[in-house]
Amino acid sequence: MKHTKPALGIAFAAAALLAVPTAFSLALPQDQPNVGYSDTPFLPGDEWRVHDSARPAPTVVTPGVGLAPPSDALILFNGKDLSSWKSADKDARWKLDDGVMEVNGTGTIETRETFGDIQLHVEWAAPAVVESSSQGRGNSGVFLMGRYELQVLDSFDNRSYSDGQAAAMYGQYPPLVNACRKPGEWQTYDIVFRAPRFEGERLLKPATLTVLHNGVLVHDAEAFLGATAHRALAKYSQHAAQGPISLQDHGNPVRYRNIWVRRL
Ligand code: MG
């Protein structure tokens, strides 16, 4: 670490003297002169040239340490209260205990705010005590826009129909692999959701979902066939450009913690 700065400085000075492009120029802050180029070809279909000096620098975001959210996330649940959530037109009434919220039969909850394209982080745990089987074991779900379900289920040594197991796009696509942890253990969903686009009632572009389950890729920009349905084919019907994120009350005491979102 000690030698990083001088070494970089010398390398840059040498590069500037020789006017030779180097990888170092990419790492320099935007306010430094002679960053990049203005005589390179335009990128196809873009307003920016290759290595364009004027191209805005990406916003600096401080990533969270361990389980903490990154600096630009909107916190939906930090373990303290359910103020970001409601249930129909009432306040959310899930059990809140020790930084964790738990499904308790008071109904599905949804965010007060609405969202379109998002990155979403959710942590959940199926009940440690195994009761029932198949769809009766740790069933809940993350509904994007209140319509498109990423299934939550205890799929650790628990066979159910594949398009209904943990991390399935319910009723449509099983996850690419089963990355489920044991009952009672905390699990993560890291989600990139792209909302569908409509022109009037006509679907222009389907909703897509990318999901890492416990850090393992289980959906790769997979297109939803439509809004989630049970024992029926999913289909699209036109809806608003933004919708709530909802968490399903399916009667099993599934727990949630550390939920945050970033608008894309
Ligand atoms: Mg479900």
# chains A, B, ... in the order shown; residues from 1 in each chain; ligands from 1
>>> residues_around(residues="Pro70 in chain A", least_positions_apart="3", cutoff="10 Å", atoms="only C-alpha atoms", output="list in words")
Val61, Thr62, Pro63, Gly64, Val65, Leu67, Ala73, Leu74, Ile75, Trp260, Val261 and Arg262 of chain A
>>> write_last_selection(atoms="all heavy atoms", output="PDB file, in the first residue's frame")
ATOM      1  N   VAL A  61     -20.112   4.892  -4.997  1.00  0.00           N
ATOM      2  CA  VAL A  61     -20.997   4.239  -4.029  1.00  0.00           C
ATOM      3  C   VAL A  61     -20.117   3.439  -3.080  1.00  0.00           C
ATOM      4  O   VAL A  61     -19.205   2.747  -3.522  1.00  0.00           O
ATOM      5  CB  VAL A  61     -21.988   3.296  -4.753  1.00  0.00           C
ATOM      6  CG1 VAL A  61     -22.747   2.436  -3.758  1.00  0.00           C
ATOM      7  CG2 VAL A  61     -22.952   4.097  -5.617  1.00  0.00           C
ATOM      8  N   THR A  62     -20.373   3.583  -1.796  1.00  0.00           N
ATOM      9  CA  THR A  62     -19.608   2.812  -0.825  1.00  0.00           C
ATOM     10  C   THR A  62     -20.313   1.486  -0.576  1.00  0.00           C
ATOM     11  O   THR A  62     -21.444   1.471  -0.100  1.00  0.00           O
ATOM     12  CB  THR A  62     -19.499   3.580   0.507  1.00  0.00           C
ATOM     13  OG1 THR A  62     -18.994   4.881   0.212  1.00  0.00           O
ATOM     14  CG2 THR A  62     -18.586   2.867   1.482  1.00  0.00           C
ATOM     15  N   PRO A  63     -19.696   0.386  -0.944  1.00  0.00           N
ATOM     16  CA  PRO A  63     -20.370  -0.900  -0.714  1.00  0.00           C
ATOM     17  C   PRO A  63     -20.492  -1.201   0.767  1.00  0.00           C
ATOM     18  O   PRO A  63     -19.680  -0.717   1.566  1.00  0.00           O
ATOM     19  CB  PRO A  63     -19.454  -1.919  -1.405  1.00  0.00           C
ATOM     20  CG  PRO A  63     -18.186  -1.226  -1.722  1.00  0.00           C
ATOM     21  CD  PRO A  63     -18.365   0.241  -1.503  1.00  0.00           C
ATOM     22  N   GLY A  64     -21.496  -1.934   1.148  1.00  0.00           N
ATOM     23  CA  GLY A  64     -21.662  -2.319   2.538  1.00  0.00           C
ATOM     24  C   GLY A  64     -20.611  -3.332   2.940  1.00  0.00           C
ATOM     25  O   GLY A  64     -20.122  -4.087   2.127  1.00  0.00           O
ATOM     26  N   VAL A  65     -20.276  -3.321   4.226  1.00  0.00           N
ATOM     27  CA  VAL A  65     -19.349  -4.324   4.752  1.00  0.00           C
ATOM     28  C   VAL A  65     -20.184  -5.455   5.329  1.00  0.00           C
ATOM     29  O   VAL A  65     -21.112  -5.216   6.098  1.00  0.00           O
ATOM     30  CB  VAL A  65     -18.441  -3.703   5.839  1.00  0.00           C
ATOM     31  CG1 VAL A  65     -17.545  -4.771   6.456  1.00  0.00           C
ATOM     32  CG2 VAL A  65     -17.611  -2.578   5.248  1.00  0.00           C
ATOM     33  N   LEU A  67     -23.021  -7.639   5.796  1.00  0.00           N
ATOM     34  CA  LEU A  67     -24.416  -7.653   5.406  1.00  0.00           C
ATOM     35  C   LEU A  67     -24.988  -6.253   5.195  1.00  0.00           C
ATOM     36  O   LEU A  67     -26.149  -6.102   4.863  1.00  0.00           O
ATOM     37  CB  LEU A  67     -25.246  -8.374   6.471  1.00  0.00           C
ATOM     38  CG  LEU A  67     -24.945  -9.862   6.656  1.00  0.00           C
ATOM     39  CD1 LEU A  67     -25.762 -10.416   7.797  1.00  0.00           C
ATOM     40  CD2 LEU A  67     -25.235 -10.637   5.386  1.00  0.00           C
ATOM     41  N   ALA A  73     -28.460   2.795  -1.273  1.00  0.00           N
ATOM     42  CA  ALA A  73     -29.666   1.952  -1.230  1.00  0.00           C
ATOM     43  C   ALA A  73     -30.789   2.630  -0.459  1.00  0.00           C
ATOM     44  O   ALA A  73     -30.546   3.422   0.455  1.00  0.00           O
ATOM     45  CB  ALA A  73     -29.329   0.614  -0.582  1.00  0.00           C
ATOM     46  N   LEU A  74     -32.017   2.335  -0.856  1.00  0.00           N
ATOM     47  CA  LEU A  74     -33.181   2.714  -0.070  1.00  0.00           C
ATOM     48  C   LEU A  74     -33.483   1.525   0.837  1.00  0.00           C
ATOM     49  O   LEU A  74     -33.703   0.404   0.362  1.00  0.00           O
ATOM     50  CB  LEU A  74     -34.369   2.999  -1.004  1.00  0.00           C
ATOM     51  CG  LEU A  74     -35.720   3.238  -0.329  1.00  0.00           C
ATOM     52  CD1 LEU A  74     -35.695   4.513   0.503  1.00  0.00           C
ATOM     53  CD2 LEU A  74     -36.831   3.316  -1.380  1.00  0.00           C
ATOM     54  N   ILE A  75     -33.466   1.784   2.140  1.00  0.00           N
ATOM     55  CA  ILE A  75     -33.654   0.687   3.098  1.00  0.00           C
ATOM     56  C   ILE A  75     -35.145   0.416   3.260  1.00  0.00           C
ATOM     57  O   ILE A  75     -35.903   1.312   3.631  1.00  0.00           O
ATOM     58  CB  ILE A  75     -33.046   1.056   4.480  1.00  0.00           C
ATOM     59  CG1 ILE A  75     -31.610   1.586   4.332  1.00  0.00           C
ATOM     60  CG2 ILE A  75     -33.124  -0.139   5.435  1.00  0.00           C
ATOM     61  CD1 ILE A  75     -30.635   0.620   3.752  1.00  0.00           C
ATOM     62  N   TRP A 260     -33.192  -4.192   1.087  1.00  0.00           N
ATOM     63  CA  TRP A 260     -32.903  -2.876   0.511  1.00  0.00           C
ATOM     64  C   TRP A 260     -33.030  -2.929  -1.006  1.00  0.00           C
ATOM     65  O   TRP A 260     -32.983  -4.004  -1.618  1.00  0.00           O
ATOM     66  CB  TRP A 260     -31.547  -2.336   0.941  1.00  0.00           C
ATOM     67  CG  TRP A 260     -30.356  -3.231   0.774  1.00  0.00           C
ATOM     68  CD1 TRP A 260     -29.770  -4.007   1.730  1.00  0.00           C
ATOM     69  CD2 TRP A 260     -29.578  -3.443  -0.430  1.00  0.00           C
ATOM     70  NE1 TRP A 260     -28.683  -4.673   1.218  1.00  0.00           N
ATOM     71  CE2 TRP A 260     -28.550  -4.338  -0.105  1.00  0.00           C
ATOM     72  CE3 TRP A 260     -29.649  -2.929  -1.727  1.00  0.00           C
ATOM     73  CZ2 TRP A 260     -27.587  -4.763  -1.046  1.00  0.00           C
ATOM     74  CZ3 TRP A 260     -28.704  -3.345  -2.674  1.00  0.00           C
ATOM     75  CH2 TRP A 260     -27.688  -4.252  -2.325  1.00  0.00           C
ATOM     76  N   VAL A 261     -33.215  -1.748  -1.566  1.00  0.00           N
ATOM     77  CA  VAL A 261     -33.481  -1.659  -2.995  1.00  0.00           C
ATOM     78  C   VAL A 261     -32.697  -0.486  -3.590  1.00  0.00           C
ATOM     79  O   VAL A 261     -32.414   0.492  -2.892  1.00  0.00           O
ATOM     80  CB  VAL A 261     -35.009  -1.520  -3.236  1.00  0.00           C
ATOM     81  CG1 VAL A 261     -35.529  -0.185  -2.707  1.00  0.00           C
ATOM     82  CG2 VAL A 261     -35.390  -1.683  -4.696  1.00  0.00           C
ATOM     83  N   ARG A 262     -32.348  -0.606  -4.856  1.00  0.00           N
ATOM     84  CA  ARG A 262     -31.759   0.503  -5.621  1.00  0.00           C
ATOM     85  C   ARG A 262     -32.546   0.631  -6.909  1.00  0.00           C
ATOM     86  O   ARG A 262     -32.716  -0.346  -7.624  1.00  0.00           O
ATOM     87  CB  ARG A 262     -30.281   0.252  -5.936  1.00  0.00           C
ATOM     88  CG  ARG A 262     -29.403   0.108  -4.690  1.00  0.00           C
ATOM     89  CD  ARG A 262     -27.955  -0.251  -5.038  1.00  0.00           C
ATOM     90  NE  ARG A 262     -27.302   0.805  -5.785  1.00  0.00           N
ATOM     91  CZ  ARG A 262     -26.879   0.703  -7.039  1.00  0.00           C
ATOM     92  NH1 ARG A 262     -27.042  -0.412  -7.709  1.00  0.00           N
ATOM     93  NH2 ARG A 262     -26.314   1.720  -7.665  1.00  0.00           N
TER      94      ARG A 262
END
>>> select_by_dssp(residues="range 10-156 of chain A", states="strand (DSSP E)", output="ChimeraX atom specification")
/A:74-77,85-87,90-91,95-97,100-102,109-111,118-125,140-144,148-152
>>> write_last_selection(atoms="N, CA and C atoms", output="short mmCIF file (atom, residue, chain, number, x, y, z; two decimals), in the first residue's frame")
data_model
loop_
_atom_site.label_atom_id
_atom_site.label_comp_id
_atom_site.auth_asym_id
_atom_site.auth_seq_id
_atom_site.Cartn_x
_atom_site.Cartn_y
_atom_site.Cartn_z
N LEU A 74 -32.02 2.33 -0.86
CA LEU A 74 -33.18 2.71 -0.07
C LEU A 74 -33.48 1.52 0.84
N ILE A 75 -33.47 1.78 2.14
CA ILE A 75 -33.65 0.69 3.10
C ILE A 75 -35.15 0.42 3.26
N LEU A 76 -35.54 -0.80 3.00
CA LEU A 76 -36.96 -1.16 3.14
C LEU A 76 -37.23 -1.83 4.48
N PHE A 77 -36.23 -2.49 5.02
CA PHE A 77 -36.37 -3.08 6.36
C PHE A 77 -34.99 -3.22 6.99
N TRP A 85 -43.80 -0.58 5.06
CA TRP A 85 -44.69 -1.64 4.57
C TRP A 85 -46.12 -1.42 5.01
N LYS A 86 -47.05 -1.89 4.20
CA LYS A 86 -48.45 -1.88 4.57
C LYS A 86 -49.09 -3.19 4.15
N SER A 87 -50.30 -3.42 4.65
CA SER A 87 -51.03 -4.62 4.32
C SER A 87 -52.42 -4.18 3.89
N LYS A 90 -53.97 -1.04 5.52
CA LYS A 90 -53.58 -0.88 6.93
C LYS A 90 -52.06 -0.93 7.06
N ASP A 91 -51.57 -0.58 8.26
CA ASP A 91 -50.14 -0.76 8.55
C ASP A 91 -49.82 -2.25 8.55
N LYS A 95 -45.01 -9.97 12.80
CA LYS A 95 -44.28 -10.00 14.06
C LYS A 95 -42.89 -9.39 13.84
N LEU A 96 -42.51 -8.51 14.76
CA LEU A 96 -41.20 -7.86 14.68
C LEU A 96 -40.45 -8.19 15.97
N ASP A 97 -39.33 -8.86 15.83
CA ASP A 97 -38.62 -9.33 17.02
C ASP A 97 -37.13 -9.48 16.71
N VAL A 100 -35.83 -8.81 13.21
CA VAL A 100 -36.34 -9.71 12.17
C VAL A 100 -37.85 -9.56 12.08
N MET A 101 -38.42 -9.62 10.88
CA MET A 101 -39.87 -9.67 10.78
C MET A 101 -40.31 -11.05 10.32
N GLU A 102 -41.49 -11.44 10.80
CA GLU A 102 -41.92 -12.82 10.58
C GLU A 102 -43.38 -12.86 10.14
N ILE A 109 -47.73 -8.42 2.83
CA ILE A 109 -47.39 -7.00 3.01
C ILE A 109 -46.74 -6.46 1.74
N GLU A 110 -46.85 -5.16 1.55
CA GLU A 110 -46.22 -4.55 0.37
C GLU A 110 -45.62 -3.20 0.74
N THR A 111 -44.64 -2.79 -0.06
CA THR A 111 -43.98 -1.51 0.21
C THR A 111 -44.94 -0.36 -0.05
N ILE A 118 -35.35 -2.37 -10.78
CA ILE A 118 -34.67 -2.31 -9.49
C ILE A 118 -33.58 -3.38 -9.34
N GLN A 119 -32.67 -3.07 -8.41
CA GLN A 119 -31.83 -4.10 -7.78
C GLN A 119 -32.38 -4.26 -6.38
N LEU A 120 -32.60 -5.48 -5.97
CA LEU A 120 -33.24 -5.74 -4.67
C LEU A 120 -32.47 -6.80 -3.91
N HIS A 121 -32.23 -6.53 -2.63
CA HIS A 121 -31.59 -7.51 -1.76
C HIS A 121 -32.57 -7.92 -0.67
N VAL A 122 -32.76 -9.21 -0.51
CA VAL A 122 -33.69 -9.75 0.49
C VAL A 122 -33.01 -10.90 1.22
N GLU A 123 -33.14 -10.92 2.53
CA GLU A 123 -32.67 -12.08 3.30
C GLU A 123 -33.87 -12.74 3.95
N TRP A 124 -33.91 -14.07 3.89
CA TRP A 124 -35.05 -14.79 4.44
C TRP A 124 -34.58 -16.10 5.06
N ALA A 125 -35.42 -16.62 5.93
CA ALA A 125 -35.13 -17.92 6.54
C ALA A 125 -36.43 -18.69 6.69
N SER A 140 -43.39 -18.66 1.09
CA SER A 140 -43.65 -17.21 1.06
C SER A 140 -43.29 -16.79 -0.36
N GLY A 141 -42.96 -15.57 -0.57
CA GLY A 141 -42.57 -15.17 -1.92
C GLY A 141 -42.30 -13.69 -1.99
N VAL A 142 -41.42 -13.34 -2.91
CA VAL A 142 -41.13 -11.93 -3.21
C VAL A 142 -41.83 -11.61 -4.52
N PHE A 143 -42.81 -10.73 -4.46
CA PHE A 143 -43.56 -10.35 -5.66
C PHE A 143 -43.05 -9.00 -6.16
N LEU A 144 -42.46 -9.02 -7.35
CA LEU A 144 -42.03 -7.77 -7.97
C LEU A 144 -43.25 -7.10 -8.59
N TYR A 148 -45.20 -10.41 -10.00
CA TYR A 148 -44.28 -11.39 -10.56
C TYR A 148 -43.51 -12.04 -9.41
N GLU A 149 -43.84 -13.33 -9.13
CA GLU A 149 -43.30 -13.94 -7.91
C GLU A 149 -41.99 -14.68 -8.10
N LEU A 150 -41.03 -14.32 -7.25
CA LEU A 150 -39.84 -15.13 -7.03
C LEU A 150 -40.16 -15.94 -5.77
N GLN A 151 -40.26 -17.25 -5.94
CA GLN A 151 -40.76 -18.09 -4.84
C GLN A 151 -39.78 -18.17 -3.67
N VAL A 152 -40.34 -18.14 -2.48
CA VAL A 152 -39.61 -18.45 -1.25
C VAL A 152 -40.21 -19.76 -0.73
#
>>> residues_near_ligand(ligand="ligand 1", cutoff="12 Å", atoms="only C-alpha atoms and all ligand atoms", output="PyMOL selection string")
chain A and resi 108+126+134-143+147-155+163-171+228-230+246-252+254
>>> select_by_dssp(residues="range 17-244 of chain A", states="alpha helix (DSSP H)", output="NGL selection string")
:A and (17-18 or 24-27)
